[in-house]
Amino acid sequence: MKKKVLAMTMAALMAASITACGGAKTETSAADTTAAESKAEDTTAAESKSEETAAEAASEEETKAAGGKLIMVTNAEFPPYEYHEGGEIVGIDADIARAIADELGMELEIEDIAFDSIIPELTSGKADFAMAGMTVDEKRKQSVDFSDTYAKASQRIIVKSDSAIATPDDLKGKVVGVQQGTTGDLYVSDLEADNTTVERYNKGFEAVQALSQGKIDAVVIDGEPAKVFVEQTDGLKILDEAFTDEEYAVAVKKGNTELLDKINSTLKNLKESGKLDEIVAKYISAE
């Protein structure tokens, strides 16, 4: 009887032990499940955040590719193509440049620098393109690439109203003022072999002032700026015969065909839509 009681007691203890172990195992499983779920949530959150970051990065890259900033260099002393007005650079070139930037979905920044620093800024990569009433010529083509032309111009001769100078040939042996680095400078330099003295100025109006003050005999400068300067200065006139005829274009760093193609496409659209004529008419009245 004693053995039977002892056996029953041992059986009860073993059952209790098994139940207790089963309970502990159940509790542990629940804890493990909770931890696993928490870990899964953390992993999902991390993956979501990673995907969000990647999406933001991709969006940023896409924005940079489609947008960004275009830096244009010019010499804003060349009305009506570029000049200062109310703290802003305005003019034909400035408006065309803004149209180019708008077409590409980019922000435009215009930097006003010395004219003869424009090409070095492009070749060094500090600027994306240049518009400054720039004439396409073979010498410049060696350093930069040009877009399709967007305007035709001519170098004109400004003299005093009572001057004996009547044609380009009469400039030989005279003192002629030009804006340094411009095509006027380039073409007039050819006359130095004929004893013509060339006085170079940083700004076109400085040459015109020198002419008005009797310090030089004539000024050679692009036709439209010439009109503006003569209108603003008494006692001056423009000769009927042009010194040269030329074409203006946008300059970019040599080899930058991607930007050049985009600029040409925009110029084509501006011409076909009539927008280019509107821009020119805004600054140049029809004669």
# chains A, B, ... in the order shown; residues from 1 in each chain; ligands from 1
call {"tool": "select_by_dssp", "arguments": {"residues": "region 157-211 of chain A", "states": "strand (DSSP E or B)", "output": "ChimeraX atom specification"}}
result
/A:157-160,175-179,197-201
call {"tool": "write_last_selection", "arguments": {"atoms": "N, CA and C atoms", "output": "compact mmCIF listing (two decimals), in the first residue's frame"}}
result
# COMPACT_ATOMS: atom_id res chain seq x y z
N ILE A 157 30.13 102.68 -87.93
CA ILE A 157 31.12 103.71 -87.58
C ILE A 157 30.40 104.95 -87.04
N ILE A 158 30.75 105.34 -85.84
CA ILE A 158 30.21 106.57 -85.23
C ILE A 158 31.27 107.66 -85.33
N VAL A 159 30.85 108.83 -85.77
CA VAL A 159 31.76 109.98 -85.86
C VAL A 159 31.02 111.22 -85.36
N LYS A 160 31.73 112.30 -85.21
CA LYS A 160 31.09 113.56 -84.88
C LYS A 160 30.29 114.05 -86.09
N VAL A 175 42.47 107.91 -85.39
CA VAL A 175 42.42 107.27 -84.08
C VAL A 175 41.00 106.73 -83.88
N VAL A 176 40.89 105.42 -83.76
CA VAL A 176 39.58 104.77 -83.71
C VAL A 176 39.40 104.06 -82.37
N GLY A 177 38.26 104.29 -81.75
CA GLY A 177 37.98 103.65 -80.47
C GLY A 177 37.12 102.40 -80.66
N VAL A 178 37.40 101.36 -79.87
CA VAL A 178 36.63 100.11 -79.91
C VAL A 178 36.46 99.58 -78.49
N GLN A 179 35.52 98.66 -78.33
CA GLN A 179 35.41 97.95 -77.06
C GLN A 179 36.34 96.74 -77.13
N THR A 197 45.47 104.23 -85.49
CA THR A 197 45.70 103.99 -84.06
C THR A 197 44.40 103.48 -83.43
N VAL A 198 44.49 102.36 -82.73
CA VAL A 198 43.30 101.78 -82.10
C VAL A 198 43.35 102.01 -80.59
N GLU A 199 42.34 102.69 -80.09
CA GLU A 199 42.20 102.91 -78.64
C GLU A 199 41.15 101.94 -78.12
N ARG A 200 41.54 101.11 -77.16
CA ARG A 200 40.65 100.08 -76.65
C ARG A 200 40.08 100.46 -75.28
N TYR A 201 38.76 100.25 -75.13
CA TYR A 201 38.06 100.59 -73.89
C TYR A 201 37.34 99.35 -73.36
call {"tool": "residues_around", "arguments": {"residues": "region 255-269 of chain A", "least_positions_apart": "5", "cutoff": "8 Å", "atoms": "only C-alpha atoms", "output": "JSON, numbers by chain"}}
result
{"A": [99, 100, 103, 104, 145, 146, 147, 148, 150, 276]}
call {"tool": "write_last_selection", "arguments": {"atoms": "C-alpha atoms", "output": "PDB file, in the first residue's frame"}}
result
ATOM      1  CA  ALA A  99      13.581  81.382 -72.888  1.00  0.00           C
ATOM      2  CA  ILE A 100      16.301  78.734 -73.296  1.00  0.00           C
ATOM      3  CA  GLU A 103      12.500  75.434 -72.288  1.00  0.00           C
ATOM      4  CA  LEU A 104      14.976  73.202 -70.448  1.00  0.00           C
ATOM      5  CA  ASP A 145      31.274  75.959 -80.435  1.00  0.00           C
ATOM      6  CA  PHE A 146      28.495  78.191 -81.749  1.00  0.00           C
ATOM      7  CA  SER A 147      24.779  77.600 -82.022  1.00  0.00           C
ATOM      8  CA  ASP A 148      22.677  78.442 -85.037  1.00  0.00           C
ATOM      9  CA  TYR A 150      19.724  84.118 -83.962  1.00  0.00           C
ATOM     10  CA  LEU A 276      12.120  85.527 -81.231  1.00  0.00           C
TER      11      LEU A 276
END
call {"tool": "closest_residue", "arguments": {"among": "A:Ile110, A:Val230, A:Val188, A:Ala210", "to": "Phe129 (chain A)", "atoms": "only C-alpha atoms"}}
result
A:Ile110
call {"tool": "atom_distance", "arguments": {"atom1": "CA of His84 (chain A)", "atom2": "CA of Asn202 (chain A)"}}
result
15.7 Å
call {"tool": "select_by_dssp", "arguments": {"residues": "region 185-278 of chain A", "states": "alpha helix (DSSP H)", "output": "ChimeraX atom specification"}}
result
/A:185-189,204-212,223-232,257-273,275-278
call {"tool": "closest_atom_pairs", "arguments": {"of": "region 118-142 of chain A", "to": "region 215-223 of chain A", "cutoff": "12 Å", "atoms": "only C-alpha atoms", "output": "tab-separated table"}}
result
residue	atom	partner	partner_atom	distance
A:Ala132	CA	A:Asp222	CA	11.3
A:Gly133	CA	A:Asp222	CA	8.4
A:Met134	CA	A:Asp222	CA	10.1
A:Thr135	CA	A:Asp222	CA	9.8
call {"tool": "decode", "arguments": {"residues": "region 230-277 of chain A", "atoms": "C-alpha atoms", "output": "PDB file, in the first residue's frame"}}
result
ATOM      1  CA  VAL A 230      24.042 108.203 -80.750  1.00  0.00           C
ATOM      2  CA  GLU A 231      20.500 108.787 -79.483  1.00  0.00           C
ATOM      3  CA  GLN A 232      21.876 109.423 -76.009  1.00  0.00           C
ATOM      4  CA  THR A 233      24.768 111.664 -77.089  1.00  0.00           C
ATOM      5  CA  ASP A 234      24.451 114.998 -78.903  1.00  0.00           C
ATOM      6  CA  GLY A 235      26.660 115.860 -81.867  1.00  0.00           C
ATOM      7  CA  LEU A 236      27.268 112.331 -83.154  1.00  0.00           C
ATOM      8  CA  LYS A 237      26.120 110.380 -86.206  1.00  0.00           C
ATOM      9  CA  ILE A 238      26.419 106.920 -87.754  1.00  0.00           C
ATOM     10  CA  LEU A 239      27.859 106.544 -91.250  1.00  0.00           C
ATOM     11  CA  ASP A 240      25.542 105.032 -93.847  1.00  0.00           C
ATOM     12  CA  GLU A 241      28.054 102.423 -94.978  1.00  0.00           C
ATOM     13  CA  ALA A 242      28.584  99.529 -92.589  1.00  0.00           C
ATOM     14  CA  PHE A 243      32.112  98.580 -91.604  1.00  0.00           C
ATOM     15  CA  THR A 244      31.261  94.833 -91.700  1.00  0.00           C
ATOM     16  CA  ASP A 245      28.237  92.511 -91.652  1.00  0.00           C
ATOM     17  CA  GLU A 246      28.076  89.587 -89.237  1.00  0.00           C
ATOM     18  CA  GLU A 247      25.901  87.102 -87.356  1.00  0.00           C
ATOM     19  CA  TYR A 248      25.307  86.518 -83.643  1.00  0.00           C
ATOM     20  CA  ALA A 249      25.117  83.093 -81.985  1.00  0.00           C
ATOM     21  CA  VAL A 250      25.248  81.402 -78.582  1.00  0.00           C
ATOM     22  CA  ALA A 251      28.684  80.100 -77.554  1.00  0.00           C
ATOM     23  CA  VAL A 252      29.263  76.946 -75.489  1.00  0.00           C
ATOM     24  CA  LYS A 253      32.337  75.044 -74.369  1.00  0.00           C
ATOM     25  CA  LYS A 254      33.870  73.148 -77.266  1.00  0.00           C
ATOM     26  CA  GLY A 255      32.509  69.607 -77.412  1.00  0.00           C
ATOM     27  CA  ASN A 256      29.388  70.268 -75.295  1.00  0.00           C
ATOM     28  CA  THR A 257      27.097  68.901 -78.002  1.00  0.00           C
ATOM     29  CA  GLU A 258      24.304  67.960 -75.566  1.00  0.00           C
ATOM     30  CA  LEU A 259      23.739  71.550 -74.456  1.00  0.00           C
ATOM     31  CA  LEU A 260      24.335  72.893 -77.968  1.00  0.00           C
ATOM     32  CA  ASP A 261      21.630  70.623 -79.404  1.00  0.00           C
ATOM     33  CA  LYS A 262      19.172  71.766 -76.733  1.00  0.00           C
ATOM     34  CA  ILE A 263      19.958  75.425 -77.423  1.00  0.00           C
ATOM     35  CA  ASN A 264      19.532  74.941 -81.179  1.00  0.00           C
ATOM     36  CA  SER A 265      16.207  73.193 -80.601  1.00  0.00           C
ATOM     37  CA  THR A 266      15.001  76.085 -78.437  1.00  0.00           C
ATOM     38  CA  LEU A 267      16.159  78.692 -80.958  1.00  0.00           C
ATOM     39  CA  LYS A 268      14.291  76.820 -83.688  1.00  0.00           C
ATOM     40  CA  ASN A 269      11.113  76.833 -81.592  1.00  0.00           C
ATOM     41  CA  LEU A 270      11.511  80.543 -80.833  1.00  0.00           C
ATOM     42  CA  LYS A 271      11.892  81.339 -84.525  1.00  0.00           C
ATOM     43  CA  GLU A 272       8.988  79.163 -85.684  1.00  0.00           C
ATOM     44  CA  SER A 273       6.623  80.418 -82.981  1.00  0.00           C
ATOM     45  CA  GLY A 274       7.433  84.069 -83.651  1.00  0.00           C
ATOM     46  CA  LYS A 275       8.657  84.505 -80.064  1.00  0.00           C
ATOM     47  CA  LEU A 276      12.120  85.527 -81.231  1.00  0.00           C
ATOM     48  CA  ASP A 277      10.680  88.358 -83.338  1.00  0.00           C
TER      49      ASP A 277
END
